[in-house]
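Okay, start-v3.cif is below, mmCIF, C-alpha atoms:
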data_my_file
loop_
_atom_site.label_atom_id
_atom_site.label_comp_id
_atom_site.auth_asym_id
_atom_site.auth_seq_id
_atom_site.Cartn_x
_atom_site.Cartn_y
_atom_site.Cartn_z
CA MET S 1 -53.99 -40.12 83.32
CA GLY S 2 -55.31 -37.41 81.11
CA SER S 3 -56.25 -38.00 77.54
CA SER S 4 -55.59 -35.80 74.48
CA PRO S 5 -58.48 -33.69 73.31
CA TRP S 6 -57.70 -34.92 69.70
CA PRO S 7 -57.94 -38.51 68.87
CA GLN S 8 -54.79 -40.16 67.34
CA GLY S 9 -56.39 -40.60 63.91
CA THR S 10 -57.34 -36.99 63.73
CA ARG S 11 -53.65 -35.83 64.25
CA SER S 12 -52.24 -38.01 61.48
CA ARG S 13 -54.93 -36.82 59.10
CA SER S 14 -53.97 -33.23 59.87
CA LEU S 15 -50.28 -33.96 59.12
CA LYS S 16 -51.22 -35.58 55.83
CA ARG S 17 -53.15 -32.50 54.91
CA ILE S 18 -50.42 -29.97 55.65
CA TRP S 19 -47.26 -31.75 54.40
CA PRO S 20 -47.70 -30.62 50.77
CA TRP S 21 -47.85 -27.08 52.05
CA LEU S 22 -44.71 -27.67 54.04
CA VAL S 23 -42.96 -28.96 50.92
CA LEU S 24 -44.17 -25.93 48.98
CA LEU S 25 -42.90 -23.68 51.73
CA GLY S 26 -39.55 -25.46 51.57
CA VAL S 27 -39.35 -25.03 47.80
CA LEU S 28 -40.20 -21.36 48.10
CA GLY S 29 -37.53 -21.05 50.74
CA MET S 30 -35.02 -22.67 48.37
CA VAL S 31 -36.02 -20.26 45.64
CA ARG S 32 -35.54 -17.36 47.99
CA TRP S 33 -32.22 -18.75 49.17
CA SER S 34 -30.94 -19.28 45.61
CA LYS S 35 -32.05 -15.80 44.51
CA GLY S 36 -34.57 -17.27 42.11
CA ALA S 37 -31.97 -19.16 40.12
CA GLY S 38 -34.34 -21.72 38.74
CA PHE S 39 -36.82 -19.12 37.61
CA ALA S 40 -34.16 -16.96 36.00
CA ASP S 41 -32.66 -19.92 34.16
CA ALA S 42 -36.04 -21.10 33.00
CA TYR S 43 -36.89 -17.62 31.87
CA ALA S 44 -33.63 -17.38 29.96
CA LEU S 45 -34.28 -20.73 28.32
CA LEU S 46 -37.81 -19.82 27.29
CA THR S 47 -37.06 -16.33 26.06
CA ARG S 48 -33.82 -17.12 24.19
CA PRO S 49 -35.49 -16.83 20.75
CA PHE S 50 -36.57 -13.33 21.62
CA TRP S 51 -33.22 -12.05 22.84
CA PRO S 52 -31.78 -8.89 21.19
CA GLY S 53 -30.56 -9.88 17.73
CA SER S 54 -27.73 -8.69 15.50
CA ALA S 55 -29.52 -5.45 14.70
CA GLN S 56 -29.54 -4.40 18.30
CA LYS S 57 -25.94 -5.54 18.62
CA GLN S 58 -25.06 -3.24 15.73
CA TRP S 59 -26.87 -0.39 17.44
CA ILE S 60 -24.75 -0.91 20.50
CA GLN S 61 -21.58 -1.14 18.41
CA SER S 62 -22.57 2.00 16.55
CA ALA S 63 -23.12 3.80 19.82
CA GLN S 64 -19.74 2.53 21.02
CA GLN S 65 -18.07 3.80 17.84
CA GLN S 66 -19.76 7.14 18.27
CA ASN S 67 -18.53 7.25 21.82
CA ASP S 68 -15.01 6.43 20.64
CA ALA S 69 -15.16 9.07 17.92
CA THR S 70 -16.32 11.68 20.40
CA ARG S 71 -13.57 10.75 22.81
CA LEU S 72 -11.03 10.89 19.96
CA GLN S 73 -12.28 14.31 18.95
CA LEU S 74 -12.00 15.58 22.50
CA LEU S 75 -8.52 14.12 22.81
CA GLU S 76 -7.47 15.72 19.53
CA VAL S 77 -8.68 19.09 20.72
CA ASP S 78 -6.84 18.57 23.97
CA ASN S 79 -3.74 17.41 22.11
CA ALA S 80 -3.86 20.43 19.81
CA ARG S 81 -4.11 22.71 22.82
CA LEU S 82 -1.14 21.04 24.48
CA ARG S 83 0.87 21.09 21.24
CA GLY S 84 0.05 24.75 20.91
CA LEU S 85 1.48 25.32 24.38
CA LEU S 86 4.63 23.51 23.25
CA SER S 87 4.77 25.52 19.99
CA LEU S 88 4.35 22.34 17.96
CA ASP S 89 1.02 23.27 16.44
CA ARG S 90 2.09 23.55 12.85
CA GLN S 91 -0.15 20.81 11.59
CA GLY S 92 -3.69 19.76 12.22
CA ALA S 93 -6.69 18.01 10.81
CA LYS S 94 -7.84 21.21 9.16
CA ASN S 95 -5.03 20.90 6.61
CA ALA S 96 -6.10 17.50 5.32
CA ILE S 97 -7.23 17.20 1.72
CA SER S 98 -9.05 14.11 0.44
CA ALA S 99 -7.84 12.91 -2.94
CA ALA S 100 -8.65 9.97 -5.18
CA VAL S 101 -5.93 7.59 -6.34
CA ILE S 102 -6.05 7.73 -10.16
CA SER S 103 -2.99 5.60 -10.91
CA ARG S 104 -1.02 3.12 -8.88
CA THR S 105 2.07 1.00 -9.34
CA PRO S 106 2.72 -0.45 -5.89
CA GLU S 107 5.36 -2.83 -7.22
CA GLY S 108 8.14 -2.65 -9.77
CA TRP S 109 10.90 -0.10 -10.27
CA TRP S 110 8.75 2.91 -9.46
CA GLN S 111 6.45 2.39 -6.53
CA GLN S 112 4.11 5.31 -6.62
CA ILE S 113 0.55 6.48 -6.79
CA VAL S 114 -0.91 9.45 -8.62
CA LEU S 115 -3.59 11.52 -6.93
CA GLY S 116 -6.39 13.40 -8.64
CA LYS S 117 -5.63 16.66 -6.86
CA GLY S 118 -2.65 18.94 -7.15
CA MET S 119 -1.35 22.43 -6.67
CA LEU S 120 -4.73 24.01 -7.37
CA ASP S 121 -5.99 22.30 -4.23
CA GLY S 122 -2.99 23.38 -2.23
CA ILE S 123 -0.92 20.20 -2.41
CA GLN S 124 2.82 20.78 -2.42
CA GLN S 125 5.98 18.73 -2.69
CA GLY S 126 6.79 16.98 0.58
CA ASP S 127 3.23 16.80 1.89
CA ALA S 128 2.39 13.64 3.81
CA VAL S 129 -0.06 11.19 2.24
CA ILE S 130 -2.16 9.23 4.69
CA GLY S 131 -4.22 6.15 3.94
CA PRO S 132 -6.71 4.41 6.20
CA GLY S 133 -4.48 3.30 9.03
CA GLY S 134 -1.48 5.52 8.64
CA LEU S 135 1.19 7.14 6.52
CA ILE S 136 1.79 5.64 3.06
CA GLY S 137 4.13 8.13 1.41
CA ARG S 138 5.03 11.69 0.56
CA VAL S 139 4.25 13.89 -2.40
CA GLN S 140 7.24 13.84 -4.73
CA SER S 141 5.90 16.39 -7.20
CA ALA S 142 2.64 18.13 -7.97
CA THR S 143 1.06 19.45 -11.14
CA PRO S 144 -1.96 21.76 -11.10
CA ALA S 145 -4.35 18.80 -11.14
CA THR S 146 -2.34 15.78 -9.99
CA SER S 147 0.22 14.76 -7.38
CA LEU S 148 2.87 12.08 -7.67
CA VAL S 149 3.36 10.21 -4.42
CA ARG S 150 6.43 8.19 -3.58
CA LEU S 151 5.37 5.23 -1.46
CA LEU S 152 7.26 4.31 1.68
CA THR S 153 8.04 0.94 0.09
CA ALA S 154 9.75 2.52 -2.95
CA PRO S 155 13.46 1.74 -3.21
CA GLY S 156 15.41 4.67 -1.84
CA SER S 157 12.50 6.18 0.10
CA ARG S 158 13.67 7.50 3.49
CA VAL S 159 11.46 8.80 6.27
CA GLY S 160 12.37 9.57 9.87
CA VAL S 161 10.18 7.66 12.36
CA TRP S 162 10.26 6.57 15.95
CA VAL S 163 9.02 3.77 18.17
CA PRO S 164 6.74 5.28 20.85
CA ARG S 165 7.13 2.42 23.35
CA THR S 166 10.90 2.66 23.57
CA ARG S 167 11.12 6.29 22.44
CA GLN S 168 13.83 5.48 19.89
CA HIS S 169 14.31 7.21 16.58
CA ALA S 170 14.96 5.34 13.34
CA LEU S 171 15.02 5.76 9.58
CA LEU S 172 12.39 3.93 7.53
CA VAL S 173 14.05 2.91 4.27
CA GLY S 174 12.14 1.52 1.29
CA MET S 175 13.58 -1.65 -0.21
CA GLY S 176 11.17 -2.19 -3.07
CA THR S 177 9.56 -5.03 -1.14
CA SER S 178 6.27 -4.71 0.73
CA ARG S 179 8.20 -4.51 4.01
CA PRO S 180 10.48 -1.52 4.44
CA GLU S 181 13.51 -1.66 6.68
CA LEU S 182 13.88 0.25 9.92
CA LYS S 183 17.43 1.45 10.49
CA PHE S 184 18.00 2.44 14.08
CA ILE S 185 20.37 5.15 15.16
CA ASP S 186 21.09 3.73 18.60
CA LYS S 187 23.00 0.51 19.03
CA ASP S 188 21.09 -0.48 22.16
CA VAL S 189 17.66 -1.18 20.74
CA LYS S 190 14.85 -2.43 22.96
CA VAL S 191 12.33 -2.79 20.17
CA ARG S 192 10.53 -6.09 19.80
CA PRO S 193 8.16 -7.55 17.19
CA GLY S 194 4.69 -6.07 17.49
CA ASP S 195 5.85 -2.58 18.45
CA LEU S 196 4.13 0.30 16.73
CA VAL S 197 6.18 2.64 14.54
CA SER S 198 4.92 6.20 14.16
CA THR S 199 6.09 9.59 13.05
CA SER S 200 7.98 11.54 15.64
CA PRO S 201 5.95 13.75 17.99
CA ALA S 202 8.43 16.54 17.29
CA SER S 203 8.46 16.06 13.51
CA THR S 204 8.34 19.19 11.41
CA LEU S 205 8.23 17.46 8.01
CA LEU S 206 5.40 15.03 8.74
CA PRO S 207 2.30 15.10 10.93
CA ALA S 208 3.23 14.11 14.45
CA ASN S 209 2.29 10.79 16.05
CA LEU S 210 0.95 9.29 12.86
CA PRO S 211 0.89 5.47 12.83
CA VAL S 212 3.14 4.07 10.12
CA ALA S 213 3.94 0.41 10.63
CA VAL S 214 4.33 -2.50 13.01
CA VAL S 215 7.67 -4.16 13.69
CA GLN S 216 7.77 -7.70 12.32
CA SER S 217 11.29 -8.88 12.99
CA LEU S 218 14.45 -7.47 14.47
CA ASN S 219 18.01 -8.02 13.29
CA SER S 220 20.06 -7.06 16.31
CA ARG S 221 23.32 -8.28 14.72
CA ALA S 222 23.24 -5.77 11.88
CA VAL S 223 26.11 -3.30 11.72
CA PRO S 224 26.60 -0.48 12.47
CA ALA S 225 23.21 -0.51 14.23
CA PRO S 226 20.32 -2.96 14.48
CA THR S 227 17.66 -3.04 11.79
CA ALA S 228 14.09 -4.27 11.72
CA LEU S 229 11.59 -5.25 9.08
CA VAL S 230 8.20 -3.59 9.42
CA GLN S 231 4.76 -4.11 7.95
CA LEU S 232 2.98 -0.95 6.87
CA ILE S 233 -0.39 -0.46 8.51
CA ALA S 234 -2.02 1.11 5.44
CA PRO S 235 -1.61 -1.16 2.38
CA PRO S 236 -1.00 1.14 -0.60
CA ASP S 237 -2.13 -1.42 -3.16
CA ALA S 238 -5.71 -1.41 -1.86
CA ILE S 239 -6.41 2.25 -1.24
CA ASP S 240 -8.68 4.31 -3.46
CA TRP S 241 -8.81 7.48 -1.40
CA VAL S 242 -6.13 9.15 0.67
CA GLN S 243 -5.72 12.23 2.79
CA VAL S 244 -2.96 14.69 2.02
CA SER S 245 -1.75 16.56 5.05
CA ARG S 246 -0.54 19.99 4.05
CA ARG S 247 2.50 21.36 5.79
CA MET W 1 14.19 5.51 -46.98
CA ALA W 2 11.54 5.00 -44.32
CA ARG W 3 10.50 8.15 -42.52
CA LEU W 4 8.34 7.12 -39.62
CA HIS W 5 9.15 10.25 -37.66
CA SER W 6 7.67 12.50 -40.31
CA GLN W 7 4.20 11.04 -39.84
CA PRO W 8 2.35 12.73 -36.99
CA ILE W 9 0.08 9.77 -36.35
CA CYS W 10 3.07 7.48 -35.85
CA VAL W 11 4.78 9.98 -33.55
CA ALA W 12 1.54 10.45 -31.64
CA SER W 13 1.38 6.71 -31.00
CA GLY W 14 4.25 7.26 -28.59
CA LEU W 15 1.85 9.16 -26.34
CA LEU W 16 0.15 5.88 -25.59
CA VAL W 17 3.22 4.71 -23.69
CA PRO W 18 2.98 7.18 -20.77
CA LEU W 19 -0.79 6.78 -20.73
CA ILE W 20 -0.60 2.99 -20.47
CA SER W 21 2.17 3.33 -17.90
CA LEU W 22 -0.13 5.48 -15.80
CA ALA W 23 -3.11 3.18 -16.31
CA ALA W 24 -0.91 0.26 -15.16
CA PRO W 25 -3.33 -2.58 -15.95
CA SER W 26 -2.72 -5.01 -13.11
CA TRP W 27 -4.08 -7.98 -15.08
CA LEU W 28 -1.01 -7.72 -17.33
CA SER W 29 1.42 -7.91 -14.44
CA LEU W 30 3.62 -10.79 -13.39
CA GLY W 31 4.38 -10.84 -9.68
CA GLY W 32 3.08 -7.27 -9.55
CA VAL W 33 5.53 -6.14 -12.24
CA LEU W 34 4.25 -4.71 -15.51
CA PRO W 35 6.00 -5.04 -18.88
CA SER W 36 8.16 -2.20 -20.12
CA TRP W 37 5.82 -0.31 -22.43
CA ALA W 38 8.66 1.93 -23.59
CA VAL W 39 10.63 -1.07 -24.87
CA LEU W 40 7.55 -2.50 -26.58
CA TRP W 41 7.03 0.77 -28.46
CA LEU W 42 10.67 1.60 -29.15
CA LEU W 43 11.65 -1.78 -30.62
CA PRO W 44 9.53 -1.63 -33.81
CA TRP W 45 10.08 2.11 -34.09
CA ALA W 46 13.86 1.81 -34.15
CA LEU W 47 13.81 -1.28 -36.40
CA ILE W 48 11.91 0.68 -39.02
CA ASP W 49 13.19 4.22 -38.61
CA GLY W 50 16.89 3.64 -38.05
CA PRO W 51 19.49 4.37 -35.37
CA VAL W 52 19.33 8.17 -35.28
CA SER W 53 15.56 8.22 -34.98
CA GLY W 54 15.82 5.37 -32.47
CA VAL W 55 18.22 7.31 -30.26
CA ILE W 56 16.03 10.42 -30.36
CA ALA W 57 12.85 8.42 -29.74
CA GLY W 58 14.54 6.59 -26.85
CA ALA W 59 15.66 9.86 -25.29
CA ALA W 60 12.22 11.43 -25.71
CA MET W 61 10.45 8.42 -24.27
CA GLY W 62 12.89 8.22 -21.39
CA LEU W 63 12.47 11.88 -20.54
CA ILE W 64 8.68 11.62 -20.53
CA LEU W 65 8.70 8.51 -18.36
CA ASP W 66 11.31 9.94 -15.99
CA GLY W 67 8.99 12.88 -15.48
CA LEU W 68 6.12 10.57 -14.63
CA ASN W 69 8.04 8.34 -12.26
CA VAL W 70 9.32 8.95 -8.77
CA GLY W 71 12.91 8.53 -7.77
CA ASP W 72 16.19 9.55 -9.29
CA ALA W 73 16.86 6.56 -11.55
CA SER W 74 16.61 7.43 -15.24
CA GLN W 75 15.61 5.31 -18.21
CA VAL W 76 17.10 7.70 -20.75
CA PRO W 77 20.59 6.16 -21.16
CA ALA W 78 19.33 2.60 -21.61
CA LEU W 79 16.53 3.59 -23.99
CA MET W 80 18.90 5.69 -26.11
CA LEU W 81 21.34 2.79 -26.34
CA LEU W 82 18.55 0.39 -27.25
CA GLY W 83 17.17 2.77 -29.87
CA TRP W 84 20.58 3.04 -31.53
CA TRP W 85 21.23 -0.73 -31.37
CA TRP W 86 17.83 -1.74 -32.71
CA GLY W 87 18.05 0.96 -35.39
CA ARG W 88 21.31 -0.50 -36.66
CA LEU W 89 19.86 -4.02 -36.58
CA GLY W 90 16.94 -2.83 -38.68
CA ARG W 91 19.24 -1.44 -41.32
CA ARG W 92 21.30 -4.59 -41.69
CA GLY W 93 20.28 -7.62 -43.67
CA ARG W 94 16.76 -8.91 -43.80
CA PRO W 95 14.00 -7.16 -41.86
CA ILE W 96 13.47 -8.54 -38.37
CA GLN W 97 9.86 -9.61 -37.99
CA ARG W 98 9.77 -13.17 -36.62
CA SER W 99 8.11 -13.61 -33.27
CA LEU W 100 11.10 -15.26 -31.65
CA ASN W 101 13.44 -12.51 -32.81
CA LEU W 102 11.16 -9.77 -31.56
CA GLY W 103 10.63 -11.48 -28.25
CA LEU W 104 14.34 -12.08 -27.76
CA LEU W 105 15.26 -8.49 -28.64
CA ALA W 106 12.58 -7.15 -26.28
CA TRP W 107 13.76 -9.46 -23.50
CA ILE W 108 17.39 -8.40 -23.92
CA GLY W 109 16.35 -4.75 -24.08
CA THR W 110 14.25 -4.99 -20.92
CA MET W 111 16.98 -6.78 -19.04
CA LEU W 112 19.45 -4.09 -20.13
CA LEU W 113 17.03 -1.40 -18.99
CA GLY W 114 16.50 -3.18 -15.69
CA LEU W 115 20.23 -3.61 -15.12
CA SER W 116 20.81 0.08 -15.76
CA LEU W 117 18.14 0.96 -13.18
CA TRP W 118 19.59 -1.58 -10.76
CA ALA W 119 23.05 -0.03 -11.18
CA GLN W 120 21.64 3.42 -10.52
CA LEU W 121 19.96 2.18 -7.34
CA LEU W 122 23.29 0.74 -6.18
CA VAL W 123 24.99 4.05 -6.84
CA GLN W 124 22.28 5.79 -4.82
CA GLY W 125 23.05 3.56 -1.84
CA VAL W 126 20.13 1.15 -2.05
CA ASP W 127 22.32 -1.88 -1.54
CA ALA W 128 20.62 -3.97 1.15
CA PRO W 129 20.20 -7.68 0.35
CA LEU W 130 16.42 -7.28 0.28
CA ALA W 131 16.73 -4.50 -2.27
CA GLN W 132 18.94 -6.73 -4.43
CA ALA W 133 16.35 -9.50 -4.29
CA PHE W 134 13.69 -6.99 -5.28
CA ALA W 135 15.77 -5.71 -8.22
CA LEU W 136 16.44 -9.23 -9.48
CA HIS W 137 12.78 -10.15 -9.19
CA THR W 138 11.70 -7.00 -11.03
CA CYS W 139 14.30 -7.49 -13.79
CA LEU W 140 13.29 -11.08 -14.44
CA ALA W 141 9.54 -10.52 -14.24
CA GLN W 142 9.60 -7.44 -16.45
CA GLY W 143 11.91 -9.09 -18.97
CA LEU W 144 9.67 -12.14 -19.20
CA MET W 145 6.47 -10.12 -19.57
CA THR W 146 7.96 -7.80 -22.18
CA GLY W 147 9.51 -10.69 -24.09
CA LEU W 148 6.19 -12.50 -24.18
CA MET W 149 4.21 -9.47 -25.27
CA ALA W 150 6.65 -8.21 -27.90
CA PRO W 151 5.73 -10.79 -30.57
CA MET W 152 2.06 -9.81 -30.26
CA ILE W 153 2.32 -6.04 -30.01
CA GLY W 154 5.60 -5.61 -31.92
CA SER W 155 4.46 -7.64 -34.93
CA TRP W 156 1.31 -5.61 -35.14
CA GLN W 157 3.21 -2.32 -34.92
CA LEU W 158 5.73 -3.46 -37.53
CA LEU W 159 2.94 -4.45 -39.90
CA ILE W 160 1.13 -1.13 -39.61
CA TRP W 161 4.20 1.07 -39.68
CA ARG W 162 5.85 -0.75 -42.60
CA ARG W 163 2.70 -0.28 -44.63
CA ARG W 164 2.82 3.44 -43.93
CA THR W 165 6.51 3.76 -44.75
CA PRO W 166 7.39 1.60 -47.74
CA ALA W 167 11.12 1.38 -48.21
#

With the file now loaded, output its structure as structure tokens.
Amino acid sequence: MGSSPWPQGTRSRSLKRIWPWLVLLGVLGMVRWSKGAGFADAYALLTRPFWPGSAQKQWIQSAQQQNDATRLQLLEVDNARLRGLLSLDRQGAKNAISAAVISRTPEGWWQQIVLGKGMLDGIQQGDAVIGPGGLIGRVQSATPATSLVRLLTAPGSRVGVWVPRTRQHALLVGMGTSRPELKFIDKDVKVRPGDLVSTSPASTLLPANLPVAVVQSLNSRAVPAPTALVQLIAPPDAIDWVQVSRR
Amino acid sequence: MARLHSQPICVASGLLVPLISLAAPSWLSLGGVLPSWAVLWLLPWALIDGPVSGVIAGAAMGLILDGLNVGDASQVPALMLLGWWWGRLGRRGRPIQRSLNLGLLAWIGTMLLGLSLWAQLLVQGVDAPLAQAFALHTCLAQGLMTGLMAPMIGSWQLLIWRRRTPA
């Protein structure tokens, strides 16, 4: 019977010496198998105080806004080209005039604002007045240095609009309240609360596709056609500067 | 006989009405509605200067304000009527100068003015229930504000103008 070249005690001592290395190898294998999850999590935990702060977040948002603005500009150019092909290129951003609001009475019998620019700057009766967010009214009259604007909320104000989602035309009628009424022409109205109301893409009196309001509630039982209450996107009582779109 | 209309400074005071209407101080509004500055100016004027001057002043004030305001509703008829009525009141009996009287006259005048505008809106086809609620709200708020301010502003105007035009 042959005997082992290594005595029994020597083998167990060798195992005792290498088992920590085996464990280490196993741990490294686990790290490899888990794609370094433990290290990544530990790193994240340790470096959290040094993560990009609000300033860097603003940089990213600013870059995003710039990206959006560039895309919008490109789309406007493209839209103008297409409208030109359709012979609907009567209006554009070049005709916009910035004007300060020098007087405002958004409530009461006469809901109007007075602008600090008038005929000398090329503003005429019927021009569209646009606030941040959308249309707020039309120029009722203009003097050499001022313009009187009738707000969309003014009682008796009437502007033709349409709902882009359902492609339905309607009349936006001022009621004196902050929410004008939308009077539809069709009886079968598929409009629902939340729908955007804009100027018609084929409008000749107002700039096309201009946001105006959002539908708040629908009265489908109204006669002779359904009506809806809308909330204007641009609040006229909090606007200091507007854009006048010349026709 | 008092001749307020022959004093340029008194006539020029009427120019403050369109200017204040344009300035539209929001801190003087009630529910977003401002007092009727035309009524506040016309009341003491007509009480002192008589019905003919009141009618002419009401028409002039109405024409100026109609020019400054959007829409087709006019203040001229109501202001002319108020100028004539207040002018006749001023010529009868004792002079009207108590706060309650001034406030009441201003409130009645503003309500009359508001009702005339409301009627014109109805004629123009603005007859939806929401529009009626708006008109009622505006009438009441403007009447209340004008009635409350008339004793303060009207008394002061009466005092100054009566000193300038002793009977």

Do a neighbour search on Trp109 in chain S at 10 Å with all atoms listed in the file, toss out local chain neighbours closer than 3 positions, and write the hits as a PyMOL selection string. (chain S and resi 105-106+112+154-155+176) or (chain W and resi 33-34+69-71+73+114+117-118+121+134-135+138-139+142)

Do you have, as JSON lines, the list of residues of chain S lying at most 10 Å from chain W, each with its nearest atom pair and that distance in Å to one decimal, counting only C-alpha atoms and ordered by chain then number?
{"residue": "S:Ile102", "atom": "CA", "partner": "W:Ala23", "partner_atom": "CA", "distance": 8.2}
{"residue": "S:Ser103", "atom": "CA", "partner": "W:Leu22", "partner_atom": "CA", "distance": 5.7}
{"residue": "S:Arg104", "atom": "CA", "partner": "W:Ala24", "partner_atom": "CA", "distance": 6.9}
{"residue": "S:Thr105", "atom": "CA", "partner": "W:Ala24", "partner_atom": "CA", "distance": 6.6}
{"residue": "S:Pro106", "atom": "CA", "partner": "W:Gly32", "partner_atom": "CA", "distance": 7.7}
{"residue": "S:Glu107", "atom": "CA", "partner": "W:Gly32", "partner_atom": "CA", "distance": 5.5}
{"residue": "S:Gly108", "atom": "CA", "partner": "W:Val33", "partner_atom": "CA", "distance": 5.0}
{"residue": "S:Trp109", "atom": "CA", "partner": "W:Thr138", "partner_atom": "CA", "distance": 7.0}
{"residue": "S:Trp110", "atom": "CA", "partner": "W:Val70", "partner_atom": "CA", "distance": 6.1}
{"residue": "S:Gln111", "atom": "CA", "partner": "W:Val70", "partner_atom": "CA", "distance": 7.5}
{"residue": "S:Gln112", "atom": "CA", "partner": "W:Val70", "partner_atom": "CA", "distance": 6.7}
{"residue": "S:Ile113", "atom": "CA", "partner": "W:Leu22", "partner_atom": "CA", "distance": 9.1}
{"residue": "S:Val114", "atom": "CA", "partner": "W:Leu22", "partner_atom": "CA", "distance": 8.2}
{"residue": "S:Val139", "atom": "CA", "partner": "W:Val70", "partner_atom": "CA", "distance": 9.5}
{"residue": "S:Gln140", "atom": "CA", "partner": "W:Val70", "partner_atom": "CA", "distance": 6.7}
{"residue": "S:Ser141", "atom": "CA", "partner": "W:Val70", "partner_atom": "CA", "distance": 8.3}
{"residue": "S:Leu148", "atom": "CA", "partner": "W:Val70", "partner_atom": "CA", "distance": 7.3}
{"residue": "S:Val149", "atom": "CA", "partner": "W:Val70", "partner_atom": "CA", "distance": 7.5}
{"residue": "S:Arg150", "atom": "CA", "partner": "W:Val70", "partner_atom": "CA", "distance": 6.0}
{"residue": "S:Leu151", "atom": "CA", "partner": "W:Val70", "partner_atom": "CA", "distance": 9.1}
{"residue": "S:Ala154", "atom": "CA", "partner": "W:Gly71", "partner_atom": "CA", "distance": 8.3}
{"residue": "S:Pro155", "atom": "CA", "partner": "W:Val126", "partner_atom": "CA", "distance": 6.8}
{"residue": "S:Gly156", "atom": "CA", "partner": "W:Val126", "partner_atom": "CA", "distance": 5.9}
{"residue": "S:Ser157", "atom": "CA", "partner": "W:Gly71", "partner_atom": "CA", "distance": 8.2}
{"residue": "S:Val173", "atom": "CA", "partner": "W:Val126", "partner_atom": "CA", "distance": 8.9}
{"residue": "S:Gly174", "atom": "CA", "partner": "W:Ala131", "partner_atom": "CA", "distance": 8.4}
{"residue": "S:Met175", "atom": "CA", "partner": "W:Ala131", "partner_atom": "CA", "distance": 4.7}
{"residue": "S:Gly176", "atom": "CA", "partner": "W:Phe134", "partner_atom": "CA", "distance": 5.9}
{"residue": "S:Thr177", "atom": "CA", "partner": "W:Phe134", "partner_atom": "CA", "distance": 6.2}
{"residue": "S:Ser178", "atom": "CA", "partner": "W:Phe134", "partner_atom": "CA", "distance": 9.8}
{"residue": "S:Arg179", "atom": "CA", "partner": "W:Leu130", "partner_atom": "CA", "distance": 9.4}
{"residue": "S:Pro180", "atom": "CA", "partner": "W:Leu130", "partner_atom": "CA", "distance": 9.3}
{"residue": "S:Glu181", "atom": "CA", "partner": "W:Leu130", "partner_atom": "CA", "distance": 9.0}

Please produce a file of those selected residues containing C-alpha atoms, as a CSV table (one decimal), keeping the file's coordinate frame.
chain,number,residue,atom,x,y,z
S,102,ILE,CA,-6.0,7.7,-10.2
S,103,SER,CA,-3.0,5.6,-10.9
S,104,ARG,CA,-1.0,3.1,-8.9
S,105,THR,CA,2.1,1.0,-9.3
S,106,PRO,CA,2.7,-0.4,-5.9
S,107,GLU,CA,5.4,-2.8,-7.2
S,108,GLY,CA,8.1,-2.6,-9.8
S,109,TRP,CA,10.9,-0.1,-10.3
S,110,TRP,CA,8.8,2.9,-9.5
S,111,GLN,CA,6.4,2.4,-6.5
S,112,GLN,CA,4.1,5.3,-6.6
S,113,ILE,CA,0.6,6.5,-6.8
S,114,VAL,CA,-0.9,9.4,-8.6
S,139,VAL,CA,4.2,13.9,-2.4
S,140,GLN,CA,7.2,13.8,-4.7
S,141,SER,CA,5.9,16.4,-7.2
S,148,LEU,CA,2.9,12.1,-7.7
S,149,VAL,CA,3.4,10.2,-4.4
S,150,ARG,CA,6.4,8.2,-3.6
S,151,LEU,CA,5.4,5.2,-1.5
S,154,ALA,CA,9.8,2.5,-3.0
S,155,PRO,CA,13.5,1.7,-3.2
S,156,GLY,CA,15.4,4.7,-1.8
S,157,SER,CA,12.5,6.2,0.1
S,173,VAL,CA,14.0,2.9,4.3
S,174,GLY,CA,12.1,1.5,1.3
S,175,MET,CA,13.6,-1.6,-0.2
S,176,GLY,CA,11.2,-2.2,-3.1
S,177,THR,CA,9.6,-5.0,-1.1
S,178,SER,CA,6.3,-4.7,0.7
S,179,ARG,CA,8.2,-4.5,4.0
S,180,PRO,CA,10.5,-1.5,4.4
S,181,GLU,CA,13.5,-1.7,6.7

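Between CA of Val17 in chain W and CA of Gly83 in chain W lies a distance of 15.4 Å.
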
For the provided coordinates, the residues matched by the PyMOL selection byres ((chain W and resi 62) around 9) should be stated as a PyMOL selection string. chain W and resi 38+57-61+63-67+74-80

Could you tell me which residues the PyMOL selection byres ((chain S and resi 230) around 10) returns for this structure, as a ChimeraX atom specification? /S:172,178-182,193-197,212-218,227-229,231-233

Best match for closeness to Thr110 in chain W among W:Ile153, W:Ile160, W:Val52, W:Val39, counting only C-alpha atoms: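 So, comparing all the options, the nearest one is W:Val39.
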
Selection near range 162-167 of chain W, 12 Å with only C-alpha atoms, sequence-local residues under 4 positions removed, as a list of chain:residue names: W:Met1, W:Ala2, W:Arg3, W:Leu4, W:His5, W:Ser6, W:Gln7, W:Pro8, W:Ile9, W:Cys10, W:Pro44, W:Trp45, W:Ala46, W:Leu47, W:Ile48, W:Asp49, W:Gly50, W:Gly90, W:Arg91, W:Pro95, W:Ile96, W:Gln97, W:Gly154, W:Ser155, W:Trp156, W:Gln157, W:Leu158

From the list S:Leu82, S:Leu120, S:Ala69, S:Leu210, which residue is nearest Ala234 in chain S when using all atoms listed in the file?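 Among S:Leu82, S:Leu120, S:Ala69, S:Leu210, it is S:Leu210 that comes nearest to Ala234 in chain S.
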
Residue neighbourhood Arg138 in chain S, 10 Å, all atoms listed in the file, exclusion window fewer than 5 positions, as a list in words: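 Selected residues are Gln112, Gln124, Gln125, Gly126, Asp127, Ala128, Val129, Ile130, Ser147, Leu148, Val149, Arg150, Leu151, Leu152, Ser157, Val159, Leu205, Leu206, Val244 and Ser245 of chain S.
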